Amino acid sequence: MGRFLVVCASRTDQTRQIGDLIAEGIRMAGHEAVVKMVGDIKNEESLKGYDGYAFGSPTYHGDMIQSMKQLLFIAERAELENKAGASFGAYGWSGESAERIFNTMSIIFKMKMVSSPLMLKASWVQGGMRMAQDYGKELASLG
Ligand SMILES: Cc1cc2nc3c(=O)[nH]c(=O)nc-3n(C[C@H](O)[C@H](O)[C@H](O)COP(=O)(O)O)c2cc1C
């Protein structure tokens with residue numbers, strides 16, 4: 001059984017809800033999923049000991065929120081090379097954050113990434129619940 005960590009940054013809870021659904025999908029696939037908020041991750045030690053990671057931030061003013069940028073600097077020191085990776089984020093119209101997180105995980109951390117970032121306008125519209133659960137299953141399949 002793999003162990004996965006989902007880390008969420010969120011201002012009005014949309015991205016956190018997506019993170020919870022991703023964790024549900026990981027569990028449906030028979031693995032363990034832990035969900036944390038970015039503020040819970042104080043240093044690289046808190047990121048160690050997992051087979052895969054999903055990092056999520058909403059987009060505000062064309063960018064991820066500051067706490068997720070800090071998380072990525074912590075993650076840089078956590079030796080995540082070849083670990084399974086995924087990124088996600090709630091958005092309104094442009095949704096840059098999930099792709100930026102995805103590229104950082106792929107290019108800088110050299111993680112084994114799922115096919116693409118998951119961007120959802122809200123977890124409950126456009127089949128978003130199922131998409132987020134399936135995304136968790138895809139991540140789990142790489143772990
Ligand atoms: C002040 C403000 C700026 C925003 N800027 C963007 C933006 O640049 N691009 C975008 O796609 N969505 C933007 N949004 C929409 C948010 O990404 C959206 O509300 C999202 O669901 C918030 O997620 P959260 O609940 O996880 O914080 C903005 C929302 C607000 C209130």
# chains A, B, ... in the order shown; residues from 1 in each chain; ligands from 1

$ residues_near_ligand --ligand "ligand 1" --cutoff "7 Å" --atoms "only C-alpha atoms and all ligand atoms" --output "ChimeraX atom specification"
/A:9-16,57-63,89-96,121-122

$ write_last_selection --atoms "C-alpha atoms" --output "PDB file, in the first residue's frame"
ATOM      1  CA  ALA A   9      -3.376  26.158  -0.128  1.00  0.00           C
ATOM      2  CA  SER A  10      -6.835  27.710  -0.202  1.00  0.00           C
ATOM      3  CA  ARG A  11      -8.489  31.007   0.650  1.00  0.00           C
ATOM      4  CA  THR A  12     -12.205  30.205   0.311  1.00  0.00           C
ATOM      5  CA  ASP A  13     -11.931  26.395   0.584  1.00  0.00           C
ATOM      6  CA  GLN A  14     -12.515  25.408  -3.065  1.00  0.00           C
ATOM      7  CA  THR A  15      -9.005  24.065  -3.550  1.00  0.00           C
ATOM      8  CA  ARG A  16      -9.109  22.294  -0.196  1.00  0.00           C
ATOM      9  CA  SER A  57      -3.275  26.227  -4.976  1.00  0.00           C
ATOM     10  CA  PRO A  58      -6.006  28.434  -6.403  1.00  0.00           C
ATOM     11  CA  THR A  59      -5.138  31.217  -8.849  1.00  0.00           C
ATOM     12  CA  TYR A  60      -5.349  34.804  -7.612  1.00  0.00           C
ATOM     13  CA  HIS A  61      -4.180  37.699  -9.770  1.00  0.00           C
ATOM     14  CA  GLY A  62      -2.703  35.266 -12.286  1.00  0.00           C
ATOM     15  CA  ASP A  63      -0.571  33.396  -9.771  1.00  0.00           C
ATOM     16  CA  GLY A  89      -6.183  24.209  -8.176  1.00  0.00           C
ATOM     17  CA  ALA A  90      -9.523  25.964  -8.199  1.00  0.00           C
ATOM     18  CA  TYR A  91      -9.797  28.891 -10.575  1.00  0.00           C
ATOM     19  CA  GLY A  92     -12.183  31.453 -12.000  1.00  0.00           C
ATOM     20  CA  TRP A  93     -11.055  32.177 -15.553  1.00  0.00           C
ATOM     21  CA  SER A  94      -7.304  31.772 -16.196  1.00  0.00           C
ATOM     22  CA  GLY A  95      -6.048  29.185 -13.681  1.00  0.00           C
ATOM     23  CA  GLU A  96      -2.257  29.578 -14.001  1.00  0.00           C
ATOM     24  CA  LYS A 121     -13.802  25.899 -11.372  1.00  0.00           C
ATOM     25  CA  ALA A 122     -15.499  24.277  -8.393  1.00  0.00           C
TER      26      ALA A 122
END

$ select_by_dssp --residues "region 3-139 of chain A" --states "strand (DSSP E or B)" --output "NGL selection string"
:A and (3-8 or 32-37 or 52-56 or 59-60 or 63-64 or 84-90 or 112-113 or 118-120)

$ residues_around --residues "Asp40 (chain A)" --least-positions-apart "3" --cutoff "10 Å" --atoms "only C-alpha atoms" --output "PDB file with C-alpha atoms, in the first residue's frame"
ATOM      1  CA  VAL A   7      -1.047  19.602   0.444  1.00  0.00           C
ATOM      2  CA  CYS A   8      -3.579  22.386  -0.118  1.00  0.00           C
ATOM      3  CA  VAL A  35      -4.406  15.816   3.593  1.00  0.00           C
ATOM      4  CA  LYS A  36      -2.611  18.837   5.048  1.00  0.00           C
ATOM      5  CA  MET A  37      -2.821  22.570   4.622  1.00  0.00           C
ATOM      6  CA  ASN A  43      10.122  22.067   7.052  1.00  0.00           C
ATOM      7  CA  SER A  46       7.286  17.000   7.251  1.00  0.00           C
ATOM      8  CA  LEU A  71       5.864  25.243   0.250  1.00  0.00           C
TER       9      LEU A  71
END

$ residues_around --residues "Asn103 (chain A)" --least-positions-apart "3" --cutoff "12 Å" --atoms "only C-alpha atoms" --output "PDB file with N, CA and C atoms, in the first residue's frame"
ATOM      1  N   PHE A  55       0.126  18.721  -4.847  1.00  0.00           N
ATOM      2  CA  PHE A  55       0.173  20.079  -4.296  1.00  0.00           C
ATOM      3  C   PHE A  55      -0.871  20.922  -5.018  1.00  0.00           C
ATOM      4  N   LEU A  72       6.804  25.257  -1.999  1.00  0.00           N
ATOM      5  CA  LEU A  72       7.657  24.723  -3.068  1.00  0.00           C
ATOM      6  C   LEU A  72       9.141  24.917  -2.742  1.00  0.00           C
ATOM      7  N   GLY A  85       3.874  12.509  -8.630  1.00  0.00           N
ATOM      8  CA  GLY A  85       3.470  13.891  -8.401  1.00  0.00           C
ATOM      9  C   GLY A  85       2.239  14.304  -9.190  1.00  0.00           C
ATOM     10  N   ALA A  86       1.497  15.258  -8.621  1.00  0.00           N
ATOM     11  CA  ALA A  86       0.301  15.800  -9.263  1.00  0.00           C
ATOM     12  C   ALA A  86       0.076  17.206  -8.711  1.00  0.00           C
ATOM     13  N   SER A  87      -0.619  18.042  -9.466  1.00  0.00           N
ATOM     14  CA  SER A  87      -0.939  19.386  -8.973  1.00  0.00           C
ATOM     15  C   SER A  87      -2.374  19.728  -9.331  1.00  0.00           C
ATOM     16  N   PHE A  88      -2.949  20.629  -8.549  1.00  0.00           N
ATOM     17  CA  PHE A  88      -4.356  20.967  -8.775  1.00  0.00           C
ATOM     18  C   PHE A  88      -4.646  22.371  -8.256  1.00  0.00           C
ATOM     19  N   GLU A  96      -3.688  29.832 -13.770  1.00  0.00           N
ATOM     20  CA  GLU A  96      -2.257  29.578 -14.001  1.00  0.00           C
ATOM     21  C   GLU A  96      -1.606  28.689 -12.941  1.00  0.00           C
ATOM     22  N   SER A  97      -2.123  28.693 -11.718  1.00  0.00           N
ATOM     23  CA  SER A  97      -1.339  28.123 -10.611  1.00  0.00           C
ATOM     24  C   SER A  97      -1.058  26.636 -10.763  1.00  0.00           C
ATOM     25  N   ALA A  98      -2.046  25.840 -11.153  1.00  0.00           N
ATOM     26  CA  ALA A  98      -1.836  24.378 -11.183  1.00  0.00           C
ATOM     27  C   ALA A  98      -0.730  24.019 -12.165  1.00  0.00           C
ATOM     28  N   GLU A  99      -0.688  24.705 -13.300  1.00  0.00           N
ATOM     29  CA  GLU A  99       0.350  24.389 -14.283  1.00  0.00           C
ATOM     30  C   GLU A  99       1.733  24.812 -13.793  1.00  0.00           C
ATOM     31  N   ARG A 100       1.805  25.932 -13.104  1.00  0.00           N
ATOM     32  CA  ARG A 100       3.108  26.374 -12.581  1.00  0.00           C
ATOM     33  C   ARG A 100       3.627  25.411 -11.517  1.00  0.00           C
ATOM     34  N   SER A 106       7.789  18.832 -11.946  1.00  0.00           N
ATOM     35  CA  SER A 106       8.354  18.038 -13.031  1.00  0.00           C
ATOM     36  C   SER A 106       9.791  18.450 -13.361  1.00  0.00           C
ATOM     37  N   ILE A 107       9.998  19.754 -13.604  1.00  0.00           N
ATOM     38  CA  ILE A 107      11.291  20.219 -14.135  1.00  0.00           C
ATOM     39  C   ILE A 107      12.328  20.388 -13.022  1.00  0.00           C
ATOM     40  N   ILE A 108      11.939  20.976 -11.911  1.00  0.00           N
ATOM     41  CA  ILE A 108      12.913  21.258 -10.844  1.00  0.00           C
ATOM     42  C   ILE A 108      13.082  20.049  -9.924  1.00  0.00           C
ATOM     43  N   PHE A 109      11.953  19.472  -9.475  1.00  0.00           N
ATOM     44  CA  PHE A 109      12.066  18.358  -8.514  1.00  0.00           C
ATOM     45  C   PHE A 109      12.271  17.008  -9.213  1.00  0.00           C
ATOM     46  N   LYS A 110      12.048  16.972 -10.545  1.00  0.00           N
ATOM     47  CA  LYS A 110      12.211  15.726 -11.317  1.00  0.00           C
ATOM     48  C   LYS A 110      11.328  14.594 -10.786  1.00  0.00           C
ATOM     49  N   MET A 111      10.091  14.938 -10.529  1.00  0.00           N
ATOM     50  CA  MET A 111       9.144  13.935 -10.041  1.00  0.00           C
ATOM     51  C   MET A 111       8.492  13.202 -11.210  1.00  0.00           C
ATOM     52  N   LYS A 112       7.936  12.039 -10.924  1.00  0.00           N
ATOM     53  CA  LYS A 112       7.232  11.228 -11.924  1.00  0.00           C
ATOM     54  C   LYS A 112       5.774  11.715 -11.935  1.00  0.00           C
ATOM     55  N   MET A 113       5.457  12.538 -12.943  1.00  0.00           N
ATOM     56  CA  MET A 113       4.179  13.253 -12.891  1.00  0.00           C
ATOM     57  C   MET A 113       3.038  12.526 -13.606  1.00  0.00           C
ATOM     58  N   VAL A 114       1.824  12.771 -13.148  1.00  0.00           N
ATOM     59  CA  VAL A 114       0.622  12.352 -13.869  1.00  0.00           C
ATOM     60  C   VAL A 114       0.553  13.132 -15.184  1.00  0.00           C
ATOM     61  N   SER A 115      -0.451  12.827 -16.017  1.00  0.00           N
ATOM     62  CA  SER A 115      -0.454  13.360 -17.384  1.00  0.00           C
ATOM     63  C   SER A 115      -0.584  14.882 -17.459  1.00  0.00           C
ATOM     64  N   SER A 116      -1.309  15.498 -16.531  1.00  0.00           N
ATOM     65  CA  SER A 116      -1.510  16.956 -16.605  1.00  0.00           C
ATOM     66  C   SER A 116      -1.993  17.484 -15.253  1.00  0.00           C
ATOM     67  N   PRO A 117      -1.927  18.812 -15.070  1.00  0.00           N
ATOM     68  CA  PRO A 117      -2.496  19.386 -13.835  1.00  0.00           C
ATOM     69  C   PRO A 117      -4.020  19.285 -13.843  1.00  0.00           C
TER      70      PRO A 117
END

$ select_by_dssp --residues "region 29-124 of chain A" --states "helix (DSSP H, G or I)" --output "mmCIF file with N, CA and C atoms, in the first residue's frame"
data_model
loop_
_atom_site.group_PDB
_atom_site.id
_atom_site.type_symbol
_atom_site.label_atom_id
_atom_site.label_comp_id
_atom_site.auth_asym_id
_atom_site.auth_seq_id
_atom_site.Cartn_x
_atom_site.Cartn_y
_atom_site.Cartn_z
ATOM 1 N N VAL A 38 -1.049 23.947 3.675
ATOM 2 C CA VAL A 38 0.352 24.377 3.549
ATOM 3 C C VAL A 38 0.946 24.820 4.881
ATOM 4 N N GLY A 39 0.139 25.473 5.710
ATOM 5 C CA GLY A 39 0.652 25.975 6.990
ATOM 6 C C GLY A 39 1.115 24.869 7.927
ATOM 7 N N ASP A 40 0.665 23.639 7.679
ATOM 8 C CA ASP A 40 1.083 22.503 8.520
ATOM 9 C C ASP A 40 2.480 22.014 8.179
ATOM 10 N N GLU A 44 11.234 20.518 5.553
ATOM 11 C CA GLU A 44 11.267 19.407 4.594
ATOM 12 C C GLU A 44 11.030 18.056 5.258
ATOM 13 N N GLU A 45 11.330 17.960 6.558
ATOM 14 C CA GLU A 45 11.100 16.686 7.245
ATOM 15 C C GLU A 45 9.619 16.302 7.207
ATOM 16 N N SER A 46 8.728 17.316 7.273
ATOM 17 C CA SER A 46 7.286 17.000 7.251
ATOM 18 C C SER A 46 6.817 16.516 5.881
ATOM 19 N N LEU A 47 7.687 16.637 4.869
ATOM 20 C CA LEU A 47 7.316 16.156 3.532
ATOM 21 C C LEU A 47 7.887 14.769 3.249
ATOM 22 N N GLN A 66 0.812 32.873 -2.062
ATOM 23 C CA GLN A 66 2.170 32.976 -1.510
ATOM 24 C C GLN A 66 2.562 31.744 -0.688
ATOM 25 N N SER A 67 1.644 31.230 0.095
ATOM 26 C CA SER A 67 1.997 30.102 0.959
ATOM 27 C C SER A 67 2.396 28.879 0.137
ATOM 28 N N MET A 68 1.836 28.716 -1.071
ATOM 29 C CA MET A 68 2.252 27.589 -1.922
ATOM 30 C C MET A 68 3.650 27.825 -2.485
ATOM 31 N N LYS A 69 3.995 29.086 -2.764
ATOM 32 C CA LYS A 69 5.375 29.355 -3.212
ATOM 33 C C LYS A 69 6.361 28.946 -2.119
ATOM 34 N N GLN A 70 6.029 29.269 -0.866
ATOM 35 C CA GLN A 70 6.909 28.905 0.247
ATOM 36 C C GLN A 70 7.014 27.383 0.366
ATOM 37 N N LEU A 71 5.873 26.715 0.187
ATOM 38 C CA LEU A 71 5.864 25.243 0.250
ATOM 39 C C LEU A 71 6.803 24.662 -0.807
ATOM 40 N N LEU A 72 6.804 25.257 -1.999
ATOM 41 C CA LEU A 72 7.657 24.723 -3.068
ATOM 42 C C LEU A 72 9.141 24.917 -2.742
ATOM 43 N N PHE A 73 9.491 25.991 -2.040
ATOM 44 C CA PHE A 73 10.884 26.154 -1.618
ATOM 45 C C PHE A 73 11.259 25.115 -0.557
ATOM 46 N N ILE A 74 10.310 24.784 0.307
ATOM 47 C CA ILE A 74 10.564 23.712 1.291
ATOM 48 C C ILE A 74 10.715 22.377 0.555
ATOM 49 N N ALA A 75 9.820 22.144 -0.423
ATOM 50 C CA ALA A 75 9.834 20.877 -1.162
ATOM 51 C C ALA A 75 11.128 20.686 -1.940
ATOM 52 N N GLU A 96 -3.688 29.832 -13.770
ATOM 53 C CA GLU A 96 -2.257 29.578 -14.001
ATOM 54 C C GLU A 96 -1.606 28.689 -12.941
ATOM 55 N N SER A 97 -2.123 28.693 -11.718
ATOM 56 C CA SER A 97 -1.339 28.123 -10.611
ATOM 57 C C SER A 97 -1.058 26.636 -10.763
ATOM 58 N N ALA A 98 -2.046 25.840 -11.153
ATOM 59 C CA ALA A 98 -1.836 24.378 -11.183
ATOM 60 C C ALA A 98 -0.730 24.019 -12.165
ATOM 61 N N GLU A 99 -0.688 24.705 -13.300
ATOM 62 C CA GLU A 99 0.350 24.389 -14.283
ATOM 63 C C GLU A 99 1.733 24.812 -13.793
ATOM 64 N N ARG A 100 1.805 25.932 -13.104
ATOM 65 C CA ARG A 100 3.108 26.374 -12.581
ATOM 66 C C ARG A 100 3.627 25.411 -11.517
ATOM 67 N N ILE A 101 2.747 24.952 -10.665
ATOM 68 C CA ILE A 101 3.154 23.970 -9.651
ATOM 69 C C ILE A 101 3.599 22.680 -10.353
ATOM 70 N N PHE A 102 2.809 22.265 -11.346
ATOM 71 C CA PHE A 102 3.115 21.038 -12.097
ATOM 72 C C PHE A 102 4.514 21.125 -12.706
ATOM 73 N N ASN A 103 4.811 22.251 -13.361
ATOM 74 C CA ASN A 103 6.115 22.405 -14.017
ATOM 75 C C ASN A 103 7.254 22.397 -13.005
ATOM 76 N N THR A 104 7.035 23.013 -11.855
ATOM 77 C CA THR A 104 8.077 23.013 -10.816
ATOM 78 C C THR A 104 8.342 21.585 -10.332
ATOM 79 N N MET A 105 7.268 20.831 -10.108
ATOM 80 C CA MET A 105 7.425 19.445 -9.631
ATOM 81 C C MET A 105 8.139 18.593 -10.685
ATOM 82 N N SER A 106 7.789 18.832 -11.946
ATOM 83 C CA SER A 106 8.354 18.038 -13.031
ATOM 84 C C SER A 106 9.791 18.450 -13.361
ATOM 85 N N ILE A 107 9.998 19.754 -13.604
ATOM 86 C CA ILE A 107 11.291 20.219 -14.135
ATOM 87 C C ILE A 107 12.328 20.388 -13.022
ATOM 88 N N ILE A 108 11.939 20.976 -11.911
ATOM 89 C CA ILE A 108 12.913 21.258 -10.844
ATOM 90 C C ILE A 108 13.082 20.049 -9.924
#

$ atom_distance --atom1 "CA of Gly136 (chain A)" --atom2 "CA of Glu81 (chain A)"
19.5 Å

$ residues_around --residues "Leu21 (chain A)" --least-positions-apart "4" --cutoff "8 Å" --atoms "only C-alpha atoms" --output "NGL selection string"
:A and (17 or 25 or 129 or 132-133 or 136)

$ write_last_selection --atoms "N, CA and C atoms" --output "mmCIF file, in the first residue's frame"
data_model
loop_
_atom_site.group_PDB
_atom_site.id
_atom_site.type_symbol
_atom_site.label_atom_id
_atom_site.label_comp_id
_atom_site.auth_asym_id
_atom_site.auth_seq_id
_atom_site.Cartn_x
_atom_site.Cartn_y
_atom_site.Cartn_z
ATOM 1 N N GLN A 17 -11.318 21.553 -0.950
ATOM 2 C CA GLN A 17 -12.322 20.525 -1.266
ATOM 3 C C GLN A 17 -11.847 19.614 -2.399
ATOM 4 N N GLY A 25 -10.031 9.609 -3.884
ATOM 5 C CA GLY A 25 -9.684 8.751 -5.025
ATOM 6 C C GLY A 25 -8.487 7.860 -4.715
ATOM 7 N N MET A 129 -16.340 16.417 -9.121
ATOM 8 C CA MET A 129 -16.114 15.473 -8.027
ATOM 9 C C MET A 129 -15.453 14.204 -8.562
ATOM 10 N N ALA A 132 -11.862 14.788 -9.846
ATOM 11 C CA ALA A 132 -10.857 14.881 -8.787
ATOM 12 C C ALA A 132 -10.566 13.493 -8.194
ATOM 13 N N GLN A 133 -11.608 12.688 -8.034
ATOM 14 C CA GLN A 133 -11.377 11.325 -7.513
ATOM 15 C C GLN A 133 -10.529 10.520 -8.500
ATOM 16 N N GLY A 136 -6.957 11.442 -8.277
ATOM 17 C CA GLY A 136 -6.307 10.762 -7.147
ATOM 18 C C GLY A 136 -5.931 9.328 -7.509
#

$ residues_around --residues "Tyr135 (chain A)" --least-positions-apart "3" --cutoff "8 Å" --atoms "only C-alpha atoms" --output "PyMOL selection string"
chain A and resi 22+25+118+131-132+138-139

$ atom_distance --atom1 "CA of Val6 (chain A)" --atom2 "CA of Gly30 (chain A)"
15.7 Å

$ closest_residue --among "A:Asp20, A:Glu76, A:Lys48, A:Lys42" --to "Arg3 (chain A)" --atoms "only C-alpha atoms"
A:Lys48
